[in-house]
$ cat entry21.cif   # mmCIF, C-alpha atoms
data_structure
loop_
_atom_site.group_PDB
_atom_site.id
_atom_site.type_symbol
_atom_site.label_atom_id
_atom_site.label_comp_id
_atom_site.auth_asym_id
_atom_site.auth_seq_id
_atom_site.Cartn_x
_atom_site.Cartn_y
_atom_site.Cartn_z
ATOM 1 C CA MET A 1 56.572 30.189 -2.644
ATOM 2 C CA THR A 2 56.527 31.875 -6.006
ATOM 3 C CA GLY A 3 54.735 31.126 -9.212
ATOM 4 C CA GLY A 4 51.708 28.894 -8.542
ATOM 5 C CA ASP A 5 48.858 29.213 -6.110
ATOM 6 C CA GLU A 6 49.578 28.336 -2.511
ATOM 7 C CA ARG A 7 46.916 26.796 -0.301
ATOM 8 C CA PRO A 8 46.735 26.487 3.466
ATOM 9 C CA VAL A 9 47.775 23.213 5.054
ATOM 10 C CA PRO A 10 44.899 20.881 6.069
ATOM 11 C CA ARG A 11 45.489 21.553 9.771
ATOM 12 C CA LEU A 12 43.878 24.967 9.200
ATOM 13 C CA LEU A 13 40.573 23.215 8.517
ATOM 14 C CA ALA A 14 40.921 21.456 11.875
ATOM 15 C CA LEU A 15 41.515 24.830 13.564
ATOM 16 C CA TRP A 16 38.466 26.391 11.902
ATOM 17 C CA ARG A 17 36.349 23.354 12.883
ATOM 18 C CA ILE A 18 37.480 23.685 16.508
ATOM 19 C CA ARG A 19 36.494 27.366 16.486
ATOM 20 C CA ALA A 20 33.113 26.486 14.929
ATOM 21 C CA LEU A 21 32.506 23.856 17.624
ATOM 22 C CA ILE A 22 33.325 26.341 20.392
ATOM 23 C CA ALA A 23 30.880 28.825 18.849
ATOM 24 C CA ALA A 24 28.244 26.073 18.517
ATOM 25 C CA LEU A 25 28.644 25.136 22.191
ATOM 26 C CA ALA A 26 28.151 28.766 23.179
ATOM 27 C CA ALA A 27 25.100 29.074 20.891
ATOM 28 C CA GLY A 28 23.588 25.856 22.254
ATOM 29 C CA ALA A 29 24.093 26.907 25.862
ATOM 30 C CA GLY A 30 22.669 30.351 25.131
ATOM 31 C CA GLY A 31 19.702 28.859 23.287
ATOM 32 C CA GLY A 32 18.988 26.511 26.176
ATOM 33 C CA PHE A 33 19.096 29.280 28.770
ATOM 34 C CA VAL A 34 16.897 31.576 26.675
ATOM 35 C CA ALA A 35 14.408 28.746 26.138
ATOM 36 C CA LEU A 36 14.403 27.974 29.862
ATOM 37 C CA GLY A 37 13.720 31.617 30.680
ATOM 38 C CA LEU A 38 10.917 31.848 28.109
ATOM 39 C CA LEU A 39 9.305 28.584 29.191
ATOM 40 C CA ARG A 40 9.381 29.526 32.853
ATOM 41 C CA GLY A 41 8.351 33.149 32.324
ATOM 42 C CA ALA A 42 5.877 33.187 29.447
ATOM 43 C CA MET A 43 4.410 29.736 29.889
ATOM 44 C CA GLN A 44 4.546 29.714 33.698
ATOM 45 C CA LEU A 45 6.091 26.238 33.765
ATOM 46 C CA GLU A 46 7.883 24.903 36.797
ATOM 47 C CA LYS A 47 11.635 24.434 36.462
ATOM 48 C CA SER A 48 11.315 20.645 36.490
ATOM 49 C CA ALA A 49 8.831 20.744 33.592
ATOM 50 C CA ALA A 50 10.676 23.382 31.563
ATOM 51 C CA LEU A 51 14.177 21.941 31.918
ATOM 52 C CA PRO A 52 13.838 18.967 29.506
ATOM 53 C CA THR A 53 12.237 21.150 26.823
ATOM 54 C CA ALA A 54 14.893 23.847 27.241
ATOM 55 C CA ALA A 55 17.639 21.206 27.067
ATOM 56 C CA ALA A 56 16.160 19.816 23.838
ATOM 57 C CA ILE A 57 15.981 23.311 22.330
ATOM 58 C CA GLY A 58 19.579 23.998 23.397
ATOM 59 C CA ALA A 59 20.710 20.689 21.866
ATOM 60 C CA GLY A 60 18.897 21.543 18.631
ATOM 61 C CA VAL A 61 20.569 24.945 18.478
ATOM 62 C CA LEU A 62 23.951 23.330 19.197
ATOM 63 C CA LEU A 63 23.471 20.749 16.456
ATOM 64 C CA ALA A 64 22.349 23.324 13.898
ATOM 65 C CA ALA A 65 25.215 25.665 14.780
ATOM 66 C CA ALA A 66 27.746 22.815 14.626
ATOM 67 C CA VAL A 67 26.539 21.672 11.183
ATOM 68 C CA LEU A 68 26.504 25.211 9.772
ATOM 69 C CA GLY A 69 29.882 26.000 11.361
ATOM 70 C CA ASP A 70 31.454 22.886 9.870
ATOM 71 C CA LEU A 71 29.980 23.660 6.451
ATOM 72 C CA HIS A 72 31.302 27.221 6.646
ATOM 73 C CA ALA A 73 34.764 26.015 7.714
ATOM 74 C CA ARG A 74 34.972 23.540 4.818
ATOM 75 C CA ARG A 75 33.825 26.098 2.235
ATOM 76 C CA ALA A 76 36.155 28.810 3.582
ATOM 77 C CA PHE A 77 39.078 26.373 3.519
ATOM 78 C CA ALA A 78 38.291 25.356 -0.073
ATOM 79 C CA GLY A 79 38.241 29.002 -1.190
ATOM 80 C CA CYS A 80 41.425 30.079 0.583
ATOM 81 C CA ARG A 81 44.567 30.499 -1.534
ATOM 82 C CA TRP A 82 47.191 33.069 -2.451
ATOM 83 C CA GLN A 83 49.922 33.656 -4.994
ATOM 84 C CA HIS A 84 53.182 35.566 -4.637
ATOM 85 C CA LEU A 85 54.086 37.348 -7.840
ATOM 86 C CA PRO A 86 57.776 38.254 -7.498
ATOM 87 C CA ASP A 87 58.513 41.964 -7.854
ATOM 88 C CA GLU A 88 54.766 42.662 -8.223
ATOM 89 C CA GLY A 89 52.920 41.675 -5.042
ATOM 90 C CA VAL A 90 50.438 39.128 -3.771
ATOM 91 C CA VAL A 91 47.000 38.009 -4.912
ATOM 92 C CA ALA A 92 44.769 36.439 -2.236
ATOM 93 C CA TRP A 93 41.462 34.644 -2.680
ATOM 94 C CA SER A 94 39.077 33.887 0.175
ATOM 95 C CA GLY A 95 35.438 33.396 1.060
ATOM 96 C CA ALA A 96 33.022 30.690 2.065
ATOM 97 C CA TRP A 97 29.884 31.996 0.376
ATOM 98 C CA TRP A 98 31.065 35.087 -1.517
ATOM 99 C CA GLN A 99 34.432 34.680 -3.197
ATOM 100 C CA ARG A 100 36.820 37.571 -2.875
ATOM 101 C CA GLU A 101 40.030 38.346 -4.763
ATOM 102 C CA ILE A 102 42.438 40.913 -3.341
ATOM 103 C CA TRP A 103 45.428 42.187 -5.288
ATOM 104 C CA ILE A 104 48.130 43.704 -3.061
ATOM 105 C CA PRO A 105 50.794 45.502 -5.099
ATOM 106 C CA LEU A 106 54.216 45.882 -3.500
ATOM 107 C CA ALA A 107 53.926 49.663 -3.625
ATOM 108 C CA ARG A 108 51.040 49.503 -1.107
ATOM 109 C CA LEU A 109 52.718 47.194 1.426
ATOM 110 C CA GLN A 110 53.603 48.920 4.693
ATOM 111 C CA HIS A 111 54.775 46.020 6.855
ATOM 112 C CA LEU A 112 54.424 42.264 7.329
ATOM 113 C CA ASP A 113 53.819 40.177 10.453
ATOM 114 C CA VAL A 114 54.015 36.440 11.044
ATOM 115 C CA VAL A 115 51.274 35.669 13.583
ATOM 116 C CA ARG A 116 50.843 32.509 15.666
ATOM 117 C CA GLY A 117 48.030 32.382 18.214
ATOM 118 C CA PRO A 118 47.813 29.694 20.912
ATOM 119 C CA LEU A 119 45.758 27.268 18.814
ATOM 120 C CA GLU A 120 47.912 27.947 15.756
ATOM 121 C CA ARG A 121 51.070 27.182 17.750
ATOM 122 C CA ARG A 122 49.500 23.975 19.077
ATOM 123 C CA LEU A 123 48.683 22.854 15.526
ATOM 124 C CA GLY A 124 52.016 24.016 14.060
ATOM 125 C CA LEU A 125 50.477 26.812 11.972
ATOM 126 C CA ALA A 126 51.277 30.435 11.234
ATOM 127 C CA SER A 127 49.598 33.273 9.358
ATOM 128 C CA LEU A 128 51.233 36.050 7.390
ATOM 129 C CA GLU A 129 49.564 39.439 7.799
ATOM 130 C CA LEU A 130 50.172 42.051 5.118
ATOM 131 C CA TYR A 131 49.464 45.655 6.124
ATOM 132 C CA THR A 132 48.825 48.093 3.331
ATOM 133 C CA ALA A 133 48.494 51.824 2.832
ATOM 134 C CA GLY A 134 44.936 53.079 2.861
ATOM 135 C CA THR A 135 41.917 52.150 4.923
ATOM 136 C CA HIS A 136 40.025 49.577 2.835
ATOM 137 C CA ASP A 137 41.505 46.098 3.285
ATOM 138 C CA HIS A 138 44.422 47.609 5.179
ATOM 139 C CA ARG A 139 45.238 44.170 6.595
ATOM 140 C CA VAL A 140 45.148 40.938 4.626
ATOM 141 C CA ARG A 141 45.757 37.643 6.408
ATOM 142 C CA LEU A 142 47.188 34.577 4.666
ATOM 143 C CA PRO A 143 46.254 31.782 7.118
ATOM 144 C CA GLY A 144 47.241 28.168 7.540
ATOM 145 C CA MET A 145 50.898 28.238 6.620
ATOM 146 C CA GLU A 146 53.748 26.198 7.992
ATOM 147 C CA PRO A 147 55.777 28.626 10.185
ATOM 148 C CA LEU A 148 58.875 28.200 8.001
ATOM 149 C CA ALA A 149 56.832 28.882 4.838
ATOM 150 C CA ALA A 150 55.322 32.027 6.411
ATOM 151 C CA ASN A 151 58.816 33.294 7.258
ATOM 152 C CA ARG A 152 60.061 32.470 3.752
ATOM 153 C CA LEU A 153 57.200 34.334 2.072
ATOM 154 C CA ARG A 154 57.691 37.298 4.408
ATOM 155 C CA ASP A 155 61.407 37.376 3.571
ATOM 156 C CA ALA A 156 60.689 37.094 -0.168
ATOM 157 C CA LEU A 157 58.249 40.018 0.024
ATOM 158 C CA LEU A 158 60.739 42.067 2.051
ATOM 159 C CA GLY A 159 63.346 41.372 -0.638
ATOM 160 C CA ASP A 160 60.871 42.475 -3.316
ATOM 161 C CA LEU A 161 60.198 45.675 -1.342
ATOM 162 C CA GLN A 162 63.911 46.378 -0.993
ATOM 163 C CA ARG A 163 64.476 45.939 -4.739
ATOM 164 C CA LEU A 164 61.478 48.185 -5.439
ATOM 165 C CA SER A 165 62.789 50.945 -3.194
ATOM 166 C CA GLN A 166 66.240 50.750 -4.820
ATOM 167 C CA SER A 167 64.820 50.936 -8.337
ATOM 168 C CA THR A 168 62.408 53.801 -7.631
ATOM 169 C CA PRO A 169 64.064 57.212 -7.950
ATOM 170 C CA GLN A 170 63.870 59.116 -4.698
ATOM 171 C CA SER A 171 62.741 62.726 -4.881
ATOM 172 C CA THR A 172 65.332 65.113 -3.515
ATOM 173 C CA PRO A 173 64.588 68.593 -2.258
ATOM 174 C CA PRO A 174 65.857 71.445 -4.427
ATOM 175 C CA SER A 175 69.244 72.838 -3.393
ATOM 176 C CA THR A 176 68.020 76.452 -3.557
ATOM 177 C CA PRO A 177 64.725 77.733 -2.250
ATOM 178 C CA PRO A 178 62.130 78.661 -4.888
ATOM 179 C CA THR A 179 61.979 82.329 -5.751
ATOM 180 C CA GLY A 180 58.991 84.543 -6.371
ATOM 181 C CA SER A 181 58.361 86.570 -9.517
ATOM 182 C CA ASN A 182 60.405 89.504 -8.152
ATOM 183 C CA GLY A 183 63.488 87.399 -7.465
ATOM 184 C CA GLU A 184 62.965 87.313 -3.701
ATOM 185 C CA GLY A 185 62.510 84.134 -1.726
ATOM 186 C CA ALA A 186 58.962 82.757 -1.666
#

$ encode --input "entry21.cif" --output "structure tokens"
Amino acid sequence: MTGGDERPVPRLLALWRIRALIAALAAGAGGGFVALGLLRGAMQLEKSAALPTAAAIGAGVLLAAAVLGDLHARRAFAGCRWQHLPDEGVVAWSGAWWQREIWIPLARLQHLDVVRGPLERRLGLASLELYTAGTHDHRVRLPGMEPLAANRLRDALLGDLQRLSQSTPQSTPPSTPPTGSNGEGA
């Protein structure tokens, strides 16, 4: 898991396509119901006359949403990668339309989680979530990993963090309290 770029396994694309299809089904159903309401209300059509038109509109919305969702899933999958730089941190790239590069130095890492939702478990996938100090990009997700690979990368990063904390000098409080200009305690 160190050195070169890592990419998600192809099953992640299947997961993203399933999610896009679910969203397309919801959009198609919503589009059909909205069209039915508009046709019956604004155009004063009977339900039997409005239903075929509303169904066609809903099917068109479903098809458009499915095509755009699949295109988005393929582009997002193609742009997803990360690289573990031992004793330095992680660089992650993502984005379907706008490409994004995030550099996460070890010094900013707070904690790491291996996450597996129901669909991820079904497809044998895991994601590694890196939580950082600060508010912007405080959580970075590395999706589409084999569960064993996610655990290995987490363990490697934890080892890097442990070495970093051992090599960084810890500040120790002074043994005597600071004194004021007159020699009395502050």

$ closest_residue --input "entry21.cif" --among "A:Leu158, A:Leu130, A:Leu123, A:Leu148" --to "A:Trp16" --atoms "only C-alpha atoms"
A:Leu123

$ resolve_selection --input "entry21.cif" --expression "the PyMOL selection byres ((chain A and resi 132) around 12)" --output "list in words"
Gly89, Val90, Ile102, Trp103, Ile104, Pro105, Leu106, Ala107, Arg108, Leu109, Gln110, His111, Leu112, Asp113, Glu129, Leu130, Tyr131, Ala133, Gly134, Thr135, His136, Asp137, His138, Arg139, Val140 and Arg141 of chain A

$ resolve_selection --input "entry21.cif" --expression "the PyMOL selection byres ((chain A and resi 147) around 12)" --output "list of chain:residue names"
A:Pro8, A:Val9, A:Asp113, A:Val114, A:Val115, A:Arg116, A:Gly117, A:Glu120, A:Arg121, A:Arg122, A:Leu123, A:Gly124, A:Leu125, A:Ala126, A:Ser127, A:Leu128, A:Leu142, A:Pro143, A:Gly144, A:Met145, A:Glu146, A:Leu148, A:Ala149, A:Ala150, A:Asn151, A:Arg152, A:Leu153, A:Arg154

$ write_last_selection --input "entry21.cif" --atoms "C-alpha atoms" --output "CSV table (one decimal), in the coordinates of the input"
chain,number,residue,atom,x,y,z
A,8,PRO,CA,46.7,26.5,3.5
A,9,VAL,CA,47.8,23.2,5.1
A,113,ASP,CA,53.8,40.2,10.5
A,114,VAL,CA,54.0,36.4,11.0
A,115,VAL,CA,51.3,35.7,13.6
A,116,ARG,CA,50.8,32.5,15.7
A,117,GLY,CA,48.0,32.4,18.2
A,120,GLU,CA,47.9,27.9,15.8
A,121,ARG,CA,51.1,27.2,17.8
A,122,ARG,CA,49.5,24.0,19.1
A,123,LEU,CA,48.7,22.9,15.5
A,124,GLY,CA,52.0,24.0,14.1
A,125,LEU,CA,50.5,26.8,12.0
A,126,ALA,CA,51.3,30.4,11.2
A,127,SER,CA,49.6,33.3,9.4
A,128,LEU,CA,51.2,36.0,7.4
A,142,LEU,CA,47.2,34.6,4.7
A,143,PRO,CA,46.3,31.8,7.1
A,144,GLY,CA,47.2,28.2,7.5
A,145,MET,CA,50.9,28.2,6.6
A,146,GLU,CA,53.7,26.2,8.0
A,148,LEU,CA,58.9,28.2,8.0
A,149,ALA,CA,56.8,28.9,4.8
A,150,ALA,CA,55.3,32.0,6.4
A,151,ASN,CA,58.8,33.3,7.3
A,152,ARG,CA,60.1,32.5,3.8
A,153,LEU,CA,57.2,34.3,2.1
A,154,ARG,CA,57.7,37.3,4.4

$ closest_residue --input "entry21.cif" --among "A:Ala78, A:Ala24, A:Val91, A:Ala73" --to "A:Gly58" --atoms "only C-alpha atoms"
A:Ala24

$ resolve_selection --input "entry21.cif" --expression "the PyMOL selection byres ((chain A and resi 93) around 10)" --output "JSON, numbers by chain"
{"A": [5, 7, 79, 80, 81, 82, 83, 91, 92, 94, 95, 99, 100, 101, 102, 103, 142]}

$ closest_residue --input "entry21.cif" --among "A:Arg17, A:Gly159, A:Gly4, A:Leu164" --to "A:Arg75" --atoms "only C-alpha atoms"
A:Arg17

$ atom_distance --input "entry21.cif" --atom1 "atom CA of A:Pro10" --atom2 "atom CA of A:Ala59"
28.9 Å

$ atom_distance --input "entry21.cif" --atom1 "atom CA of A:Gly37" --atom2 "atom CA of A:Gly60"
16.5 Å

$ closest_residue --input "entry21.cif" --among "A:Leu63, A:Ala156, A:Leu119, A:Ala14" --to "A:Gly28" --atoms "all atoms listed in the file"
A:Leu63

$ closest_residue --input "entry21.cif" --among "A:Leu15, A:Leu45, A:Leu39, A:Ala54" --to "A:Phe77" --atoms "all atoms listed in the file"
A:Leu15

$ atom_distance --input "entry21.cif" --atom1 "atom CA of A:Ala27" --atom2 "atom CA of A:Arg40"
19.8 Å

$ closest_residue --input "entry21.cif" --among "A:Trp98, A:Asp160, A:Ala64, A:Pro86" --to "A:Ala23" --atoms "all atoms listed in the file"
A:Ala64

$ axis_aligned_box --input "entry21.cif" --around "stretch 116-121 of chain A" --padding-each-side "8 Å" --output "lines of an AutoDock Vina configuration file"
center_x = 48.4
center_y = 29.8
center_z = 18.3
size_x = 21.3
size_y = 21.3
size_z = 21.2

$ build_atoms --input "entry21.cif" --residues "stretch 92-106 of chain A" --atoms "N, CA, C and O atoms" --output "compact mmCIF listing (two decimals), in the frame of the given file"
# COMPACT_ATOMS: atom_id res chain seq x y z
N ALA A 92 45.38 37.34 -3.22
CA ALA A 92 44.77 36.44 -2.24
C ALA A 92 43.30 36.23 -2.58
O ALA A 92 42.60 37.18 -2.95
N TRP A 93 42.85 34.98 -2.45
CA TRP A 93 41.46 34.64 -2.68
C TRP A 93 40.91 34.06 -1.38
O TRP A 93 41.59 33.30 -0.70
N SER A 94 39.69 34.41 -1.04
CA SER A 94 39.08 33.89 0.18
C SER A 94 37.56 33.95 0.04
O SER A 94 37.02 34.56 -0.87
N GLY A 95 36.88 33.33 0.99
CA GLY A 95 35.44 33.40 1.06
C GLY A 95 34.77 32.04 1.09
O GLY A 95 35.15 31.14 0.34
N ALA A 96 33.79 31.92 1.98
CA ALA A 96 33.02 30.69 2.06
C ALA A 96 31.82 30.76 1.14
O ALA A 96 31.55 29.84 0.38
N TRP A 97 31.09 31.84 1.19
CA TRP A 97 29.88 32.00 0.38
C TRP A 97 30.13 32.97 -0.77
O TRP A 97 29.74 32.71 -1.90
N TRP A 98 30.72 34.10 -0.49
CA TRP A 98 31.06 35.09 -1.52
C TRP A 98 32.57 35.05 -1.69
O TRP A 98 33.33 35.28 -0.76
N GLN A 99 33.01 34.77 -2.91
CA GLN A 99 34.43 34.68 -3.20
C GLN A 99 35.00 36.08 -3.37
O GLN A 99 34.37 36.94 -3.97
N ARG A 100 36.18 36.26 -2.86
CA ARG A 100 36.82 37.57 -2.88
C ARG A 100 38.25 37.42 -3.38
O ARG A 100 38.97 36.51 -2.96
N GLU A 101 38.66 38.32 -4.26
CA GLU A 101 40.03 38.35 -4.76
C GLU A 101 40.62 39.70 -4.39
O GLU A 101 40.03 40.73 -4.70
N ILE A 102 41.77 39.68 -3.75
CA ILE A 102 42.44 40.91 -3.34
C ILE A 102 43.83 40.93 -3.95
O ILE A 102 44.61 39.99 -3.76
N TRP A 103 44.12 41.99 -4.68
CA TRP A 103 45.43 42.19 -5.29
C TRP A 103 46.17 43.20 -4.43
O TRP A 103 45.69 44.31 -4.23
N ILE A 104 47.33 42.83 -3.91
CA ILE A 104 48.13 43.70 -3.06
C ILE A 104 49.44 44.00 -3.77
O ILE A 104 50.37 43.19 -3.75
N PRO A 105 49.54 45.17 -4.43
CA PRO A 105 50.79 45.50 -5.10
C PRO A 105 51.87 45.85 -4.06
O PRO A 105 51.57 46.33 -2.97
N LEU A 106 53.11 45.59 -4.42
CA LEU A 106 54.22 45.88 -3.50
C LEU A 106 54.23 47.33 -3.05
O LEU A 106 54.55 47.63 -1.90
